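Trainee: My questions will all concern the structure given below.
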Amino acid sequence: MSPDVGEGELLATVAHADVGWGRRVVLRDVSFSLRRGDHLAIVGPNGSGKSTLLRALLGLARPLAGDVVRTAAWRAGHVPQRDTLAPLFRFRALEVVAMAACADSWLPVARNAARRAAAEQALAAVGMADRAHAVFRDLSGGQKQRVLIARALASAPSVLVLDEPTTGMDISSERDLLDLVQSLRRERGLAIVTVTHSLHVVADEADRVGLVAGDTVRFGTPHELVADAPLSAVYGRPVHVHRIHGRRVIHVRGRDAR
Amino acid sequence: MTEFGEALRLFGPAFGASLLVALACALVSVHVVARRLIAVGVALPQLAALGIACSFVLFADADPHAGAALRHDVLALVLELVGVTVLALGARSRALGDDTLAGVLFVGGGALTILLMMRSAQGLDEVRNLVEGNILAVHRPELLRLGLALAPVLLVHVLGARRLLFCTFDRETAATLGVRTGLWEGVLYGSLALTVAAGVHATGTLFVFGFLVLPGAAGIVLGRSAAGVVAVAAVTALAAAAVGFERSYAWDTPTGPTCVGAALAVFVGACAAAWLRGLRTRA
């Protein structure tokens, strides 16, 4: 399958890019494009370079070779891992969301009402309007994630970029979050890029998968890549993908299991 | 005229200097505490003191009234820049933790400061002044110089508060939204270096370190919003510097340690208030 299959407006093109840290190449010759309405999931083992690729896509790191081109329509709403945020601050949820709404404003009091309204709307869109004045660090993992998605929405994005969005969540919160992301994609025509360890998250949600295998990334549909052979090869142990009630369930066996 | 009024008449510039340094430190301290840069906050004032000690030794024969303060500040800044470079290189190599490197700089800077000052004409009295501070020696010209040095710090931390807080809270997302995070990081560390260099010379290492930690800690413990954190830090610093200054005059104690003691008392009070608030919320 080609790494470019969508039909929506082109947002970004990654062409033969090498990405890494310093001068060390982690992933070689990565090529794909992203269009409005796409849902691309990047999966792979720990330390395989998923987040490095994400940083290059976001423009936080330059590719060591090749090109990452973002079109005029590109505007990223970044949803980082919750654990990377400064945990000491007692910011209210509304303040966290307003950070994005005010990113292009200089003076402390400029456009206060407009920023506040944009932040409140974004919180309402993720079902957190009633928690606007709660302290962010005191919220549950799922609630924090919703606030961070609201912050991303407040910047009027064309693409939502989620880094390990469901890590540490219970199954109910995880399902709610995945449903929220899908509804935002449908209603706002957003492109979604998800980096995750959770294969079951991408198996039934994404329409394209980038499977990090060694120093390369294979692109394909979930049907092609969330399957026994490619996953077993990447993870180095027997992985079986079953279907129960139409959804994929992934079973990993021990190396010594028969 | 009250006793404190008399003190203000005699030591007005010194009082102004303690408020100014306390406020600048407080605005920076929010970021120092939130970013867990406490060890760096300890090391930099010590390196600034070492810079001043170098200035005493290198320019031992120079006229003490001709540009001595400028020499002190410049060498303090140079030594701080050396320290920041060492910390940045250490962070990149990851061979040692940031805390360990900052500890090495602190003890090295402390020992060298004492050894160098032993060679100066003034000797250990000057070391004591560096540590405890000799705020009372600040007169109108020094206050003006301090104001000029710290005005940019106050300005960027007021006008750029939102972006600095965004960078401290979530630098990567700020960068994706077009905030020039490299520039703002430079502004933050530059304001830290400037505050420490100017502050140590005027008020001593203990005062600067104390006010780089305690107001920010009180703000984070008690503040219930971004503006609240900054406001509590600023009020804590100003109140502690004013009360400490007044008490040091009344009790005839060194000004720097007395002001830091007052800041500590406010911090303990903030912790108690936050604890009581937590109990009330749970009830």
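Letters A, B, ... mark the chains of the structure tokens in the order given; residue numbers begin at 1 per chain; ligand numbers begin at 1, in order shown.
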I want to know what sits within 9 Å of Ala122 of chain A, based on only C-alpha atoms, with residues of the same chain fewer than 6 positions away left out; could you give that as a list in words?

Mentor: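 Selected residues are Val97, Met128, Ala129, Val147, Ile149, Ala150, Arg151, Ala152, Leu153 and Ala154 of chain A.
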
Trainee: Name all residues at most 10 Å from Leu264 of chain B (count only C-alpha atoms; drop same-chain ones fewer than 2 positions away) and give them as a PyMOL selection string.

Mentor: chain B and resi 210-211+213-215+218+236+240+258-262+266-270

Trainee: Using only C-alpha atoms, find the one residue out of A:Val193, A:Ile171, A:Leu60, A:Leu160 that sits nearest to chain B.

Mentor: A:Leu60

Trainee: Where does DSSP see strand (DSSP E or B) in segment 58-100 of chain A, if you list the residues as a list in words?

Mentor: Ala65, Gly66, Asp67, Val68, Val69, Arg70, Ala76, Gly77, His78, Val79 and Arg92 of chain A

Trainee: Report as a list in words all protein, DNA and RNA residues lying within 9 Å of segment 229-236 of chain A, evaluated on only C-alpha atoms, omitting residues in the same chain fewer than 6 positions from it.

Mentor: Gly44, Pro45, Leu211, Val212, Ala213, Gly214, Val252 and Arg255 of chain A

Trainee: Keeping only C-alpha atoms, write those residues as a PDB file, in the first residue's frame.

Mentor:
ATOM      1  CA  GLY A  44       6.515   0.128  17.309  1.00  0.00           C
ATOM      2  CA  PRO A  45       8.557  -1.107  20.254  1.00  0.00           C
ATOM      3  CA  LEU A 211       4.972   0.270  11.798  1.00  0.00           C
ATOM      4  CA  VAL A 212       8.510   1.046  12.960  1.00  0.00           C
ATOM      5  CA  ALA A 213      10.620  -1.975  12.085  1.00  0.00           C
ATOM      6  CA  GLY A 214      14.320  -1.656  12.812  1.00  0.00           C
ATOM      7  CA  VAL A 252       1.250 -11.960  22.713  1.00  0.00           C
ATOM      8  CA  ARG A 255       8.946 -16.842  23.567  1.00  0.00           C
TER       9      ARG A 255
END

Trainee: Determine which residues of segment 29-111 of chain B DSSP labels as helix (DSSP H, G or I) from the backbone of this structure, then write them out as a ChimeraX atom specification.

Mentor: /B:29-34,38-58,68-93,98-111

Trainee: Work out how far apart atom CA of Arg24 of chain A and atom CA of Val79 of chain A are and give it in Å to one decimal.

Mentor: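 For atom CA of Arg24 of chain A relative to atom CA of Val79 of chain A, the distance reads 26.1 Å.
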
Trainee: Under the rule that only C-alpha atoms are counted, which of B:Val179, B:Leu77, B:Ala62, B:Ala22 is the nearest residue to chain A?

Mentor: B:Val179

Trainee: Interatomic distance between atom CA of Lys144 of chain A and atom CA of Phe166 of chain B?

Mentor: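 Interatomic distance here is 16.5 Å.
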
Trainee: What are the residues of chain B that have an atom within 10 Å of an atom of chain A, counting only C-alpha atoms, as JSON, numbers by chain?

Mentor: {"B": [30, 31, 33, 34, 35, 36, 158, 159, 160, 161, 162, 163, 165, 166, 167, 168, 169, 170, 171, 172, 173, 174, 175, 176, 177, 178, 179, 217, 219, 220, 221, 222, 223, 224, 225, 226, 227, 228, 229]}

Trainee: As a PyMOL selection string, please: the residues near Phe106 of chain B (cut-off 9 Å, only C-alpha atoms, same-chain neighbours under 5 positions excluded).

Mentor: chain B and resi 39-40+42-47+101+111

Trainee: Atom CA of Phe219 of chain A to atom CA of Ser33 of chain A: how many Å, to one decimal?

Mentor: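 Going from atom CA of Phe219 of chain A over to atom CA of Ser33 of chain A covers 10.7 Å.
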
Trainee: Find the residues around Gly109 of chain B up to 12 Å (only C-alpha atoms counted), leave out those fewer than 2 positions away in its own chain, and share them as a PyMOL selection string.

Mentor: chain B and resi 42-54+76+79-80+82-83+101-107+111-117+205

Trainee: Okay, now the selection with N, CA and C atoms, as a tab-separated table (two decimals), in the first residue's frame?

Mentor:
chain	number	residue	atom	x	y	z
B	42	VAL	N	21.55	27.28	43.52
B	42	VAL	CA	22.57	27.33	44.58
B	42	VAL	C	23.93	27.65	43.96
B	43	ALA	N	24.22	26.99	42.83
B	43	ALA	CA	25.57	27.09	42.26
B	43	ALA	C	25.83	28.48	41.68
B	44	LEU	N	24.84	29.07	41.00
B	44	LEU	CA	25.09	30.35	40.32
B	44	LEU	C	25.45	31.48	41.29
B	45	PRO	N	24.73	31.66	42.41
B	45	PRO	CA	25.16	32.72	43.33
B	45	PRO	C	26.59	32.49	43.83
B	46	GLN	N	26.95	31.21	44.06
B	46	GLN	CA	28.30	30.93	44.55
B	46	GLN	C	29.34	31.29	43.49
B	47	LEU	N	29.01	31.01	42.22
B	47	LEU	CA	29.93	31.36	41.14
B	47	LEU	C	30.01	32.88	40.96
B	48	ALA	N	28.89	33.56	41.18
B	48	ALA	CA	28.92	35.02	41.12
B	48	ALA	C	29.84	35.56	42.22
B	49	ALA	N	29.75	34.95	43.41
B	49	ALA	CA	30.63	35.36	44.50
B	49	ALA	C	32.09	35.12	44.14
B	50	LEU	N	32.35	33.99	43.47
B	50	LEU	CA	33.71	33.68	43.04
B	50	LEU	C	34.20	34.74	42.03
B	51	GLY	N	33.28	35.16	41.15
B	51	GLY	CA	33.64	36.21	40.19
B	51	GLY	C	34.04	37.49	40.90
B	52	ILE	N	33.29	37.84	41.94
B	52	ILE	CA	33.60	39.06	42.69
B	52	ILE	C	34.95	38.90	43.41
B	53	ALA	N	35.19	37.68	43.95
B	53	ALA	CA	36.47	37.42	44.61
B	53	ALA	C	37.62	37.56	43.61
B	54	CYS	N	37.42	37.04	42.39
B	54	CYS	CA	38.44	37.18	41.34
B	54	CYS	C	38.71	38.65	41.07
B	76	ALA	N	31.43	38.56	37.84
B	76	ALA	CA	30.38	37.66	38.37
B	76	ALA	C	29.61	37.04	37.21
B	79	LEU	N	31.78	34.39	35.33
B	79	LEU	CA	31.86	33.11	36.04
B	79	LEU	C	30.53	32.35	35.96
B	80	GLU	N	29.43	33.10	36.01
B	80	GLU	CA	28.12	32.44	35.86
B	80	GLU	C	27.99	31.81	34.48
B	82	VAL	N	30.37	30.73	32.63
B	82	VAL	CA	31.21	29.52	32.64
B	82	VAL	C	30.41	28.38	33.28
B	83	GLY	N	29.78	28.68	34.41
B	83	GLY	CA	29.01	27.65	35.11
B	83	GLY	C	27.86	27.13	34.27
B	101	LEU	N	26.66	17.98	39.07
B	101	LEU	CA	27.50	19.03	38.49
B	101	LEU	C	27.31	20.35	39.22
B	102	ALA	N	26.04	20.69	39.53
B	102	ALA	CA	25.78	21.93	40.24
B	102	ALA	C	26.44	21.89	41.62
B	103	GLY	N	26.41	20.70	42.25
B	103	GLY	CA	27.07	20.54	43.56
B	103	GLY	C	28.57	20.76	43.46
B	104	VAL	N	29.17	20.21	42.39
B	104	VAL	CA	30.61	20.39	42.17
B	104	VAL	C	30.93	21.88	42.01
B	105	LEU	N	30.12	22.57	41.22
B	105	LEU	CA	30.34	24.01	41.00
B	105	LEU	C	30.17	24.78	42.31
B	106	PHE	N	29.19	24.35	43.11
B	106	PHE	CA	28.94	25.06	44.37
B	106	PHE	C	30.12	24.92	45.33
B	107	VAL	N	30.55	23.67	45.56
B	107	VAL	CA	31.64	23.50	46.54
B	107	VAL	C	32.95	24.06	45.99
B	111	ALA	N	34.89	27.10	47.90
B	111	ALA	CA	36.26	26.95	48.39
B	111	ALA	C	37.18	27.97	47.74
B	112	LEU	N	37.07	28.13	46.44
B	112	LEU	CA	37.95	29.08	45.73
B	112	LEU	C	37.68	30.52	46.17
B	113	THR	N	36.41	30.82	46.43
B	113	THR	CA	36.08	32.18	46.90
B	113	THR	C	36.82	32.49	48.20
B	114	ILE	N	36.76	31.54	49.14
B	114	ILE	CA	37.43	31.77	50.44
B	114	ILE	C	38.94	31.88	50.23
B	115	LEU	N	39.52	30.97	49.43
B	115	LEU	CA	40.97	30.99	49.22
B	115	LEU	C	41.42	32.29	48.54
B	116	LEU	N	40.64	32.73	47.56
B	116	LEU	CA	41.01	33.98	46.87
B	116	LEU	C	40.88	35.18	47.80
B	117	MET	N	39.81	35.19	48.59
B	117	MET	CA	39.59	36.34	49.46
B	117	MET	C	40.64	36.42	50.56
B	205	THR	N	25.17	36.18	48.79
B	205	THR	CA	24.73	34.91	48.18
B	205	THR	C	23.53	34.32	48.91
